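Reproduced below: run.pdb, with PDB, C-alpha atoms.
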```pdb
ATOM      1  CA  MET F  20      12.968 -17.448 -22.475  1.00  0.00           C
ATOM      2  CA  PRO F  21       9.629 -15.928 -23.496  1.00  0.00           C
ATOM      3  CA  ALA F  22       7.754 -13.993 -20.829  1.00  0.00           C
ATOM      4  CA  PRO F  23       5.633 -16.534 -18.901  1.00  0.00           C
ATOM      5  CA  LEU F  24       2.869 -14.018 -18.343  1.00  0.00           C
ATOM      6  CA  ASP F  25      -0.746 -14.847 -19.038  1.00  0.00           C
ATOM      7  CA  PRO F  26      -3.085 -11.834 -19.311  1.00  0.00           C
ATOM      8  CA  ASP F  27      -5.338 -13.621 -16.815  1.00  0.00           C
ATOM      9  CA  HIS F  28      -2.433 -13.404 -14.337  1.00  0.00           C
ATOM     10  CA  ILE F  29      -2.499  -9.598 -14.358  1.00  0.00           C
ATOM     11  CA  LEU F  30      -4.656  -8.096 -11.642  1.00  0.00           C
ATOM     12  CA  LEU F  31      -4.940  -4.309 -11.801  1.00  0.00           C
ATOM     13  CA  GLY F  32      -6.270  -1.895  -9.182  1.00  0.00           C
ATOM     14  CA  GLN F  33      -6.658  -4.549  -6.495  1.00  0.00           C
ATOM     15  CA  THR F  34      -7.450  -3.988  -2.827  1.00  0.00           C
ATOM     16  CA  PHE F  35      -6.501  -6.437  -0.090  1.00  0.00           C
ATOM     17  CA  SER F  36      -6.509  -6.190   3.690  1.00  0.00           C
ATOM     18  CA  SER F  37      -3.124  -7.851   4.297  1.00  0.00           C
ATOM     19  CA  LYS F  38       0.010  -9.076   2.584  1.00  0.00           C
ATOM     20  CA  ARG F  39      -0.981 -12.632   3.542  1.00  0.00           C
ATOM     21  CA  GLU F  40      -4.234 -12.174   1.609  1.00  0.00           C
ATOM     22  CA  ILE F  41      -2.261 -10.968  -1.418  1.00  0.00           C
ATOM     23  CA  VAL F  42       0.166 -13.898  -1.318  1.00  0.00           C
ATOM     24  CA  GLN F  43      -2.781 -16.277  -0.895  1.00  0.00           C
ATOM     25  CA  ALA F  44      -4.530 -14.773  -3.953  1.00  0.00           C
ATOM     26  CA  ILE F  45      -1.360 -15.032  -6.052  1.00  0.00           C
ATOM     27  CA  GLY F  46      -0.834 -18.657  -5.043  1.00  0.00           C
ATOM     28  CA  GLU F  47      -4.485 -19.584  -5.593  1.00  0.00           C
ATOM     29  CA  LEU F  48      -4.310 -18.194  -9.137  1.00  0.00           C
ATOM     30  CA  MET F  49      -1.147 -20.225  -9.823  1.00  0.00           C
ATOM     31  CA  VAL F  50      -2.809 -23.363  -8.430  1.00  0.00           C
ATOM     32  CA  ALA F  51      -6.036 -22.786 -10.404  1.00  0.00           C
ATOM     33  CA  SER F  52      -3.981 -22.373 -13.601  1.00  0.00           C
ATOM     34  CA  GLY F  53      -2.171 -25.650 -13.006  1.00  0.00           C
ATOM     35  CA  ASP F  54       1.190 -23.881 -12.681  1.00  0.00           C
ATOM     36  CA  VAL F  55       1.956 -25.046  -9.140  1.00  0.00           C
ATOM     37  CA  THR F  56       0.615 -27.454  -6.563  1.00  0.00           C
ATOM     38  CA  ARG F  57      -1.175 -26.384  -3.386  1.00  0.00           C
ATOM     39  CA  ARG F  58       2.021 -27.269  -1.526  1.00  0.00           C
ATOM     40  CA  TYR F  59       3.830 -24.475  -3.419  1.00  0.00           C
ATOM     41  CA  LEU F  60       1.165 -22.020  -2.252  1.00  0.00           C
ATOM     42  CA  GLU F  61       1.778 -23.176   1.326  1.00  0.00           C
ATOM     43  CA  GLY F  62       5.509 -22.629   0.729  1.00  0.00           C
ATOM     44  CA  MET F  63       4.804 -19.072  -0.452  1.00  0.00           C
ATOM     45  CA  LEU F  64       2.942 -18.300   2.767  1.00  0.00           C
ATOM     46  CA  GLN F  65       5.708 -19.929   4.801  1.00  0.00           C
ATOM     47  CA  LYS F  66       8.392 -17.884   2.997  1.00  0.00           C
ATOM     48  CA  GLU F  67       6.583 -14.651   3.782  1.00  0.00           C
ATOM     49  CA  GLU F  68       6.335 -15.571   7.467  1.00  0.00           C
ATOM     50  CA  MET F  69      10.067 -16.358   7.605  1.00  0.00           C
ATOM     51  CA  HIS F  70      11.445 -13.476   5.510  1.00  0.00           C
ATOM     52  CA  SER F  71       9.740 -10.556   3.836  1.00  0.00           C
ATOM     53  CA  THR F  72       9.746 -10.724   0.046  1.00  0.00           C
ATOM     54  CA  TRP F  73       9.818  -6.916  -0.181  1.00  0.00           C
ATOM     55  CA  ILE F  74      12.712  -6.200  -2.542  1.00  0.00           C
ATOM     56  CA  THR F  75      12.723  -2.551  -3.492  1.00  0.00           C
ATOM     57  CA  GLU F  76      10.736   0.627  -3.323  1.00  0.00           C
ATOM     58  CA  SER F  77       7.054  -0.405  -3.507  1.00  0.00           C
ATOM     59  CA  VAL F  78       7.687  -3.907  -4.925  1.00  0.00           C
ATOM     60  CA  ALA F  79       7.481  -7.393  -3.389  1.00  0.00           C
ATOM     61  CA  LEU F  80       8.277 -10.720  -5.090  1.00  0.00           C
ATOM     62  CA  PRO F  81       6.330 -13.461  -3.289  1.00  0.00           C
ATOM     63  CA  HIS F  82       7.689 -16.957  -3.996  1.00  0.00           C
ATOM     64  CA  GLY F  83       8.011 -20.316  -2.286  1.00  0.00           C
ATOM     65  CA  VAL F  84      10.613 -21.634   0.117  1.00  0.00           C
ATOM     66  CA  ASN F  85      13.389 -23.861  -1.258  1.00  0.00           C
ATOM     67  CA  GLY F  86      11.628 -26.997  -0.039  1.00  0.00           C
ATOM     68  CA  VAL F  87       8.754 -26.567  -2.519  1.00  0.00           C
ATOM     69  CA  LYS F  88      10.744 -25.935  -5.704  1.00  0.00           C
ATOM     70  CA  ARG F  89       9.661 -29.317  -7.091  1.00  0.00           C
ATOM     71  CA  GLU F  90       6.021 -28.268  -6.727  1.00  0.00           C
ATOM     72  CA  VAL F  91       6.303 -25.920  -9.727  1.00  0.00           C
ATOM     73  CA  ILE F  92       4.663 -27.595 -12.713  1.00  0.00           C
ATOM     74  CA  ARG F  93       5.139 -24.695 -15.128  1.00  0.00           C
ATOM     75  CA  THR F  94       6.960 -21.368 -14.754  1.00  0.00           C
ATOM     76  CA  SER F  95       4.489 -18.732 -13.674  1.00  0.00           C
ATOM     77  CA  VAL F  96       4.255 -15.017 -12.929  1.00  0.00           C
ATOM     78  CA  VAL F  97       1.283 -13.298 -11.313  1.00  0.00           C
ATOM     79  CA  PHE F  98       1.290  -9.491 -11.369  1.00  0.00           C
ATOM     80  CA  VAL F  99      -0.812  -7.654  -8.785  1.00  0.00           C
ATOM     81  CA  GLN F 100      -1.143  -3.884  -8.817  1.00  0.00           C
ATOM     82  CA  LEU F 101      -2.385  -2.581  -5.470  1.00  0.00           C
ATOM     83  CA  ALA F 102      -4.605   0.472  -5.774  1.00  0.00           C
ATOM     84  CA  GLU F 103      -3.887   1.851  -2.319  1.00  0.00           C
ATOM     85  CA  GLY F 104      -0.644   0.071  -1.570  1.00  0.00           C
ATOM     86  CA  ILE F 105      -0.236  -2.103   1.516  1.00  0.00           C
ATOM     87  CA  ASP F 106       2.227  -2.201   4.386  1.00  0.00           C
ATOM     88  CA  TRP F 107       4.483  -5.189   3.716  1.00  0.00           C
ATOM     89  CA  GLY F 108       6.013  -4.825   7.166  1.00  0.00           C
ATOM     90  CA  GLY F 109       8.179  -2.217   8.805  1.00  0.00           C
ATOM     91  CA  GLY F 110       6.296   0.593   7.065  1.00  0.00           C
ATOM     92  CA  LYS F 111       7.407  -0.575   3.605  1.00  0.00           C
ATOM     93  CA  ILE F 112       4.459   0.161   1.338  1.00  0.00           C
ATOM     94  CA  VAL F 113       4.025  -2.143  -1.662  1.00  0.00           C
ATOM     95  CA  HIS F 114       2.124  -1.140  -4.804  1.00  0.00           C
ATOM     96  CA  LEU F 115       3.260  -4.070  -6.964  1.00  0.00           C
ATOM     97  CA  ALA F 116       3.334  -7.697  -5.826  1.00  0.00           C
ATOM     98  CA  ILE F 117       4.815  -9.969  -8.471  1.00  0.00           C
ATOM     99  CA  GLY F 118       4.441 -13.638  -7.589  1.00  0.00           C
ATOM    100  CA  VAL F 119       6.994 -15.932  -9.200  1.00  0.00           C
ATOM    101  CA  ALA F 120       7.378 -19.680  -9.570  1.00  0.00           C
ATOM    102  CA  GLY F 121      10.223 -20.893 -11.757  1.00  0.00           C
ATOM    103  CA  GLN F 122      10.342 -24.508 -12.888  1.00  0.00           C
ATOM    104  CA  GLY F 123      13.832 -25.692 -12.019  1.00  0.00           C
ATOM    105  CA  GLU F 124      16.709 -23.589 -10.705  1.00  0.00           C
ATOM    106  CA  ASP F 125      17.655 -22.344 -14.179  1.00  0.00           C
ATOM    107  CA  GLN F 126      14.169 -21.017 -14.979  1.00  0.00           C
ATOM    108  CA  HIS F 127      13.814 -19.473 -11.518  1.00  0.00           C
ATOM    109  CA  VAL F 128      17.065 -17.511 -11.908  1.00  0.00           C
ATOM    110  CA  LYS F 129      16.165 -16.391 -15.458  1.00  0.00           C
ATOM    111  CA  LEU F 130      12.763 -15.253 -14.219  1.00  0.00           C
ATOM    112  CA  LEU F 131      14.222 -13.211 -11.363  1.00  0.00           C
ATOM    113  CA  THR F 132      16.867 -11.716 -13.667  1.00  0.00           C
ATOM    114  CA  ALA F 133      14.242 -10.616 -16.190  1.00  0.00           C
ATOM    115  CA  ILE F 134      12.077  -9.033 -13.503  1.00  0.00           C
ATOM    116  CA  ALA F 135      15.130  -7.312 -11.997  1.00  0.00           C
ATOM    117  CA  ARG F 136      15.869  -5.730 -15.405  1.00  0.00           C
ATOM    118  CA  VAL F 137      12.418  -4.168 -15.398  1.00  0.00           C
ATOM    119  CA  LEU F 138      12.567  -3.029 -11.781  1.00  0.00           C
ATOM    120  CA  GLN F 139      15.869  -1.215 -12.351  1.00  0.00           C
ATOM    121  CA  ASN F 140      14.061   1.175 -14.679  1.00  0.00           C
ATOM    122  CA  ARG F 141      12.196   3.715 -12.511  1.00  0.00           C
ATOM    123  CA  ASN F 142      10.127   4.845 -15.490  1.00  0.00           C
ATOM    124  CA  TRP F 143       8.874   1.306 -16.125  1.00  0.00           C
ATOM    125  CA  VAL F 144       8.076   0.824 -12.434  1.00  0.00           C
ATOM    126  CA  ALA F 145       6.087   4.079 -12.448  1.00  0.00           C
ATOM    127  CA  GLN F 146       4.204   2.913 -15.550  1.00  0.00           C
ATOM    128  CA  LEU F 147       3.439  -0.460 -13.950  1.00  0.00           C
ATOM    129  CA  LYS F 148       2.108   1.264 -10.827  1.00  0.00           C
ATOM    130  CA  SER F 149      -0.254   3.439 -12.873  1.00  0.00           C
ATOM    131  CA  ALA F 150      -1.136   1.028 -15.715  1.00  0.00           C
ATOM    132  CA  ASN F 151      -4.844   0.722 -16.398  1.00  0.00           C
ATOM    133  CA  ASP F 152      -4.615  -1.948 -19.094  1.00  0.00           C
ATOM    134  CA  LYS F 153      -3.022  -5.378 -19.240  1.00  0.00           C
ATOM    135  CA  GLU F 154      -1.259  -4.662 -22.531  1.00  0.00           C
ATOM    136  CA  THR F 155       0.944  -2.048 -20.842  1.00  0.00           C
ATOM    137  CA  VAL F 156       1.974  -4.553 -18.161  1.00  0.00           C
ATOM    138  CA  LEU F 157       2.662  -7.275 -20.741  1.00  0.00           C
ATOM    139  CA  ARG F 158       4.753  -4.887 -22.840  1.00  0.00           C
ATOM    140  CA  ILE F 159       6.866  -3.623 -19.943  1.00  0.00           C
ATOM    141  CA  LEU F 160       7.434  -6.992 -18.278  1.00  0.00           C
ATOM    142  CA  GLY F 161       8.192  -8.461 -21.690  1.00  0.00           C
ATOM    143  CA  GLU F 162      11.126  -6.013 -21.980  1.00  0.00           C
ATOM    144  CA  GLY F 163      12.879  -7.859 -19.176  1.00  0.00           C
ATOM    145  CA  PHE F 164      12.795 -11.101 -21.168  1.00  0.00           C
ATOM    146  CA  ARG F 165      14.468  -9.648 -24.264  1.00  0.00           C
TER     147      ARG F 165
END
```

Take the structure I supplied and represent it as structure tokens, if you would.
Amino acid sequence: MPAPLDPDHILLGQTFSSKREIVQAIGELMVASGDVTRRYLEGMLQKEEMHSTWITESVALPHGVNGVKREVIRTSVVFVQLAEGIDWGGGKIVHLAIGVAGQGEDQHVKLLTAIARVLQNRNWVAQLKSANDKETVLRILGEGFR
């Protein structure tokens, strides 16, 4: 599975006032790109209200609830680097929000597995947090899909 990452889906040095605003921005970009329907975006917001998508030190993986899986038109990843970090709840500060939408259960699992490979490498996570060019992000995330 090639990395489903479009350079236009990499947002570096971003500042938002809330995690809801971040999830909204990720979903809007997916909708605007034709990757998901607006209903998937609503499912992403719903998921975040139900259960935090914070997964590990300084990383969150916003995605939709199970009920909107069929709203994914094309597998999509949106990478958001947060300049200041933001409280994702409970004092958990997030510097990287990686929105995911996998078309079909198989693609969703492969997508999460590839991202998990990257996140297990502390050096790569540090590089993603400090990256100032999209090529670095593409290269590192691409390693997870090898």

| request: Any chance you could resolve the PyMOL selection byres ((chain F and resi 88-91) around 10) against this file and give the residues as an MDAnalysis selection string? | output: chainID F and resid 49:50 53:60 62 82:87 92:95 120:124 127

Can you translate the PyMOL selection byres ((chain F and resi 106) around 12) into the concrete residues it hits in this file, as an mmCIF file with C-alpha atoms, keeping the file's coordinate frame?
```cif
data_model
loop_
_atom_site.group_PDB
_atom_site.id
_atom_site.type_symbol
_atom_site.label_atom_id
_atom_site.label_comp_id
_atom_site.auth_asym_id
_atom_site.auth_seq_id
_atom_site.Cartn_x
_atom_site.Cartn_y
_atom_site.Cartn_z
ATOM 1 C CA PHE F 35 -6.501 -6.437 -0.090
ATOM 2 C CA SER F 36 -6.509 -6.190 3.690
ATOM 3 C CA SER F 37 -3.124 -7.851 4.297
ATOM 4 C CA LYS F 38 0.010 -9.076 2.584
ATOM 5 C CA ARG F 39 -0.981 -12.632 3.542
ATOM 6 C CA ILE F 41 -2.261 -10.968 -1.418
ATOM 7 C CA SER F 71 9.740 -10.556 3.836
ATOM 8 C CA TRP F 73 9.818 -6.916 -0.181
ATOM 9 C CA GLU F 76 10.736 0.627 -3.323
ATOM 10 C CA SER F 77 7.054 -0.405 -3.507
ATOM 11 C CA VAL F 78 7.687 -3.907 -4.925
ATOM 12 C CA ALA F 79 7.481 -7.393 -3.389
ATOM 13 C CA LEU F 101 -2.385 -2.581 -5.470
ATOM 14 C CA GLU F 103 -3.887 1.851 -2.319
ATOM 15 C CA GLY F 104 -0.644 0.071 -1.570
ATOM 16 C CA ILE F 105 -0.236 -2.103 1.516
ATOM 17 C CA TRP F 107 4.483 -5.189 3.716
ATOM 18 C CA GLY F 108 6.013 -4.825 7.166
ATOM 19 C CA GLY F 109 8.179 -2.217 8.805
ATOM 20 C CA GLY F 110 6.296 0.593 7.065
ATOM 21 C CA LYS F 111 7.407 -0.575 3.605
ATOM 22 C CA ILE F 112 4.459 0.161 1.338
ATOM 23 C CA VAL F 113 4.025 -2.143 -1.662
ATOM 24 C CA HIS F 114 2.124 -1.140 -4.804
ATOM 25 C CA LEU F 115 3.260 -4.070 -6.964
ATOM 26 C CA ALA F 116 3.334 -7.697 -5.826
#
```

| query | With only C-alpha atoms as the basis for distance, which of F:Val97, F:Ala150, F:Ala102, F:Ile45 is at the shortest distance from Ile134 of chain F? | reply | F:Val97

| remark: Separating atom CA of Gln146 of chain F from atom CA of Val42 of chain F, to the nearest tenth of an Å, is a gap of 22.4 Å

| query | Suppose you want the space between atom CA of Val99 of chain F and atom CA of Arg165 of chain F; what is it in Å? | reply | 21.8 Å

| request: Take the PyMOL selection byres ((chain F and resi 147) around 12), apply it to the structure above, and return the hits as a PyMOL selection string. | output: chain F and resi 29-32+77-78+98-102+114-117+137-138+140-146+148-160

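Going from atom CA of Gln65 of chain F to atom CA of Leu24 of chain F covers 24.1 Å.
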
| said: What's around Lys129 of chain F at 10 Å? Count all atoms listed in the file, leave out sequence neighbours fewer than 6 positions away in its own chain, and write the answer as number ranges by chain. | reply: F: 20, 121, 135, 163-164
